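Reviewing the structure listed below.
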Amino acid sequence: MTSAGRFAPSPSGELHVGNLRTAILAWLFARSSGRKFLLRVEDLDRARAGAEAEQLRDLAAIGVTGDGDVVRQTARGPLYAEAIARLEAAGLTYECFCTRREIQEAASAPHAPQGAYPGTCRNLGRAELEFKRSIRPSALRLRAGVAEFTVHDVLHGQFTGVVDDFVLRRNDGVTAYNLAVVVDDAEQGIDQVVRGDDLLPSTPRQAYLASLLNIPVPEYAHVPLVVNRDGARLAKRDGAVTLADLARTGTPLAEVRDRLLASLGLPPGTLDHALTAFDPTSLPAKPWVWAGAAQPKL
Ligand code: GLU
């Protein structure tokens, strides 16, 4: 299978300049290493009608286009079911009936590992299991054999993070993100994952799951986020942050693209032109501050 990179947005709304900057980076990383580049719509939850089309339109407008068809997670249920069945057959799953509140209460007990599922349903007896089944639908969790796992990231080096008994399938039957992303990346031949560094903490869980499924772990590059002037992660409430907002307030598309490229130390123009100057080893390591309308003109 050919190697590939990807951008995998959740169609919950329009992309903002932070998402677009990450998409540009994913494209540059893939193209500069001779990989294909794929777009995947992560619509298992948080999907808003119309958002997918807006996102693909904006990506194309700044020059981020994929090879081949766009893949949608909602069309891939059988692949996820097959992976879950393999884990079940290996005794690596269990049913969990905990509510969010129960987990929060148990996880705040002294000595509970930070941010980890406390294992409440890990060893339920048969009678207890039957009783709980009669009350609520269950989620399916991984029976993790480690408490942490180390990944290598091109920008962060070795990163060790928590691996807990994370959810594989939610109690409403929807496949969990951590399972879907691992299955999809492997099935699509994706061996390079470039995404925002807010996702670095879940990466050890995903790499561990890949190892259980006998799937090669991709190369990771978790890139710095775009922040607002207060240093908080950029969000829609920070004013004109989408291409449509910016066009309305007088900033043309090419200028937005060139500002994003400049923030990466790259020359203005098309992404193909920027590619000739792209060096993944000399990327800015700090978050980039989007100063909105006050941004100095280039
Ligand atoms: N769909 C996720 C998001 O939009 C990204 C997942 C990934 O890149 O692995 O936050």
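Residue numbering restarts at 1 in every chain; chains get A, B, ... in the order shown in the structure tokens, and ligands count up from 1 in that same order.
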Would you mind listing, for every residue of stretch 190-218 of chain A within 10 Å of stretch 153-166 of chain A, the two atoms forming the shortest contact and the distance between them in Å to one decimal, using only C-alpha atoms, sorted by chain and ascending residue number, as JSON lines?
```
{"residue": "A:Val193", "atom": "CA", "partner": "A:Asp153", "partner_atom": "CA", "distance": 9.6}
{"residue": "A:Val194", "atom": "CA", "partner": "A:Val154", "partner_atom": "CA", "distance": 9.5}
{"residue": "A:Asp197", "atom": "CA", "partner": "A:His156", "partner_atom": "CA", "distance": 9.4}
{"residue": "A:Leu200", "atom": "CA", "partner": "A:Phe159", "partner_atom": "CA", "distance": 8.3}
{"residue": "A:Pro201", "atom": "CA", "partner": "A:Gly161", "partner_atom": "CA", "distance": 6.1}
{"residue": "A:Ser202", "atom": "CA", "partner": "A:Gly161", "partner_atom": "CA", "distance": 7.7}
{"residue": "A:Thr203", "atom": "CA", "partner": "A:Gly161", "partner_atom": "CA", "distance": 7.8}
{"residue": "A:Pro204", "atom": "CA", "partner": "A:Gly161", "partner_atom": "CA", "distance": 5.6}
{"residue": "A:Arg205", "atom": "CA", "partner": "A:Val163", "partner_atom": "CA", "distance": 5.0}
{"residue": "A:Gln206", "atom": "CA", "partner": "A:Val163", "partner_atom": "CA", "distance": 8.8}
{"residue": "A:Ala207", "atom": "CA", "partner": "A:Val163", "partner_atom": "CA", "distance": 9.7}
{"residue": "A:Tyr208", "atom": "CA", "partner": "A:Val163", "partner_atom": "CA", "distance": 7.7}
{"residue": "A:Leu209", "atom": "CA", "partner": "A:Val163", "partner_atom": "CA", "distance": 9.4}
{"residue": "A:Pro218", "atom": "CA", "partner": "A:Asp153", "partner_atom": "CA", "distance": 9.7}
```
Can you check which parts of chain A lie within 8 Å of ligand 1? Per residue, the shortest pair of atoms and distance in Å to one decimal, counting only C-alpha atoms and all ligand atoms, sorted by chain and number, as a Markdown table.
```
| residue | atom | partner | partner_atom_place_in_ligand_line | distance |
| --- | --- | --- | --- | --- |
| A:Arg6 | CA | ligand 1 | 8 (O) | 7.9 |
| A:Phe7 | CA | ligand 1 | 8 (O) | 6.2 |
| A:Ala8 | CA | ligand 1 | 8 (O) | 5.0 |
| A:Pro9 | CA | ligand 1 | 4 (O) | 3.8 |
| A:Ser10 | CA | ligand 1 | 4 (O) | 4.2 |
| A:Pro11 | CA | ligand 1 | 4 (O) | 7.6 |
| A:Val41 | CA | ligand 1 | 1 (N) | 7.4 |
| A:Glu42 | CA | ligand 1 | 1 (N) | 5.1 |
| A:Tyr177 | CA | ligand 1 | 6 (C) | 7.9 |
| A:Val181 | CA | ligand 1 | 9 (O) | 6.0 |
| A:Val193 | CA | ligand 1 | 8 (O) | 7.0 |
| A:Val194 | CA | ligand 1 | 8 (O) | 6.9 |
| A:Arg195 | CA | ligand 1 | 8 (O) | 5.0 |
| A:Gly196 | CA | ligand 1 | 8 (O) | 7.3 |
| A:Leu199 | CA | ligand 1 | 9 (O) | 7.2 |
```
Would you give me, as an NGL selection string, the residues in stretch 90-155 of chain A that DSSP reads as helix (DSSP H, G or I)?
:A and (100-107 or 126-135)
Those same residues, written as a CSV table (one decimal), in the first residue's frame with C-alpha atoms?
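Just written: again.csv:
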```
chain,number,residue,atom,x,y,z
A,100,ARG,CA,-20.3,10.3,33.3
A,101,ARG,CA,-21.1,11.4,36.8
A,102,GLU,CA,-20.2,8.1,38.3
A,103,ILE,CA,-16.8,8.2,36.5
A,104,GLN,CA,-16.1,11.7,37.7
A,105,GLU,CA,-16.9,10.8,41.3
A,106,ALA,CA,-14.7,7.7,41.2
A,107,ALA,CA,-11.9,9.4,39.3
A,126,ARG,CA,-22.1,-12.5,36.3
A,127,ALA,CA,-25.1,-11.5,38.5
A,128,GLU,CA,-24.0,-7.9,38.7
A,129,LEU,CA,-23.5,-7.8,34.9
A,130,GLU,CA,-27.0,-9.2,34.3
A,131,PHE,CA,-28.5,-6.7,36.7
A,132,LYS,CA,-26.7,-3.8,35.1
A,133,ARG,CA,-27.6,-4.9,31.6
A,134,SER,CA,-31.3,-4.8,32.6
A,135,ILE,CA,-31.0,-1.2,33.7
```
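Picture a line from atom CA of A:Tyr94 to atom CA of A:Leu179; it runs 14.7 Å.
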Per residue of stretch 113-175 of chain A within 8 Å of stretch 79-91 of chain A, what are the shortest atom pair and its distance in Å to one decimal, counting only C-alpha atoms, with rows by chain and residue number, as a tab-separated table?
```
residue	atom	partner	partner_atom	distance
A:Arg143	CA	A:Gly91	CA	7.9
A:Leu168	CA	A:Ile84	CA	7.5
A:Thr175	CA	A:Tyr80	CA	7.0
```
If we count only C-alpha atoms and set the cut-off at 9 Å, which residues sit around A:Gln192, ignoring sequence neighbours fewer than 3 positions away in its own chain? Please answer as a PyMOL selection string.
chain A and resi 3-6+26+29-30+35+185+217-221
For the selection just defined, write its residues with N, CA, C and O atoms to a file, as a PDB file, in the first residue's frame.
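Produced file result_24.pdb, reproduced below:
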```
ATOM      1  N   SER A   3       2.130   5.023   0.882  1.00  0.00           N
ATOM      2  CA  SER A   3       2.027   5.740   2.147  1.00  0.00           C
ATOM      3  C   SER A   3       1.300   7.068   1.930  1.00  0.00           C
ATOM      4  O   SER A   3       1.311   7.635   0.840  1.00  0.00           O
ATOM      5  N   ALA A   4       0.678   7.524   2.992  1.00  0.00           N
ATOM      6  CA  ALA A   4      -0.150   8.725   2.862  1.00  0.00           C
ATOM      7  C   ALA A   4      -0.209   9.501   4.173  1.00  0.00           C
ATOM      8  O   ALA A   4      -0.049   8.946   5.256  1.00  0.00           O
ATOM      9  N   GLY A   5      -0.452  10.794   4.012  1.00  0.00           N
ATOM     10  CA  GLY A   5      -0.794  11.647   5.144  1.00  0.00           C
ATOM     11  C   GLY A   5      -2.258  12.010   5.022  1.00  0.00           C
ATOM     12  O   GLY A   5      -2.922  11.615   4.058  1.00  0.00           O
ATOM     13  N   ARG A   6      -2.768  12.765   5.976  1.00  0.00           N
ATOM     14  CA  ARG A   6      -4.208  13.064   5.906  1.00  0.00           C
ATOM     15  C   ARG A   6      -4.575  14.284   6.745  1.00  0.00           C
ATOM     16  O   ARG A   6      -3.828  14.720   7.631  1.00  0.00           O
ATOM     17  N   ALA A  26      -0.455  19.652   7.345  1.00  0.00           N
ATOM     18  CA  ALA A  26      -0.612  18.221   7.028  1.00  0.00           C
ATOM     19  C   ALA A  26      -0.324  17.989   5.544  1.00  0.00           C
ATOM     20  O   ALA A  26       0.356  17.027   5.163  1.00  0.00           O
ATOM     21  N   PHE A  29       3.519  18.439   4.961  1.00  0.00           N
ATOM     22  CA  PHE A  29       4.274  17.273   5.464  1.00  0.00           C
ATOM     23  C   PHE A  29       4.137  16.097   4.494  1.00  0.00           C
ATOM     24  O   PHE A  29       5.114  15.414   4.185  1.00  0.00           O
ATOM     25  N   ALA A  30       2.912  15.847   4.047  1.00  0.00           N
ATOM     26  CA  ALA A  30       2.689  14.692   3.161  1.00  0.00           C
ATOM     27  C   ALA A  30       3.393  14.901   1.824  1.00  0.00           C
ATOM     28  O   ALA A  30       4.168  14.058   1.368  1.00  0.00           O
ATOM     29  N   ARG A  35       4.378  11.597  -0.045  1.00  0.00           N
ATOM     30  CA  ARG A  35       3.194  10.787   0.278  1.00  0.00           C
ATOM     31  C   ARG A  35       1.969  11.290  -0.477  1.00  0.00           C
ATOM     32  O   ARG A  35       1.899  12.448  -0.879  1.00  0.00           O
ATOM     33  N   ASP A 185      -6.853   5.007   9.829  1.00  0.00           N
ATOM     34  CA  ASP A 185      -5.500   5.328   9.376  1.00  0.00           C
ATOM     35  C   ASP A 185      -4.836   4.082   8.783  1.00  0.00           C
ATOM     36  O   ASP A 185      -4.209   4.139   7.726  1.00  0.00           O
ATOM     37  N   VAL A 217       2.291   1.591  13.807  1.00  0.00           N
ATOM     38  CA  VAL A 217       2.017   2.916  14.373  1.00  0.00           C
ATOM     39  C   VAL A 217       2.531   3.961  13.389  1.00  0.00           C
ATOM     40  O   VAL A 217       3.664   3.860  12.919  1.00  0.00           O
ATOM     41  N   PRO A 218       1.694   4.960  13.030  1.00  0.00           N
ATOM     42  CA  PRO A 218       2.158   5.963  12.055  1.00  0.00           C
ATOM     43  C   PRO A 218       3.212   6.900  12.641  1.00  0.00           C
ATOM     44  O   PRO A 218       3.423   6.933  13.852  1.00  0.00           O
ATOM     45  N   GLU A 219       3.841   7.652  11.740  1.00  0.00           N
ATOM     46  CA  GLU A 219       4.708   8.755  12.200  1.00  0.00           C
ATOM     47  C   GLU A 219       3.789   9.883  12.655  1.00  0.00           C
ATOM     48  O   GLU A 219       2.804  10.187  11.984  1.00  0.00           O
ATOM     49  N   TYR A 220       4.096  10.482  13.799  1.00  0.00           N
ATOM     50  CA  TYR A 220       3.246  11.552  14.317  1.00  0.00           C
ATOM     51  C   TYR A 220       3.969  12.900  14.262  1.00  0.00           C
ATOM     52  O   TYR A 220       5.165  12.972  14.554  1.00  0.00           O
ATOM     53  N   ALA A 221       3.216  13.950  13.927  1.00  0.00           N
ATOM     54  CA  ALA A 221       3.720  15.320  14.095  1.00  0.00           C
ATOM     55  C   ALA A 221       2.556  16.144  14.639  1.00  0.00           C
ATOM     56  O   ALA A 221       1.580  16.407  13.931  1.00  0.00           O
TER      57      ALA A 221
END
```
Set the distance at 9 Å and use only C-alpha atoms: which residues neighbour A:Leu234 once local chain neighbours fewer than 2 positions away are removed? I'd like the list as a PyMOL selection string.
chain A and resi 16-18+225-229+231-232+236-238+241+289-290
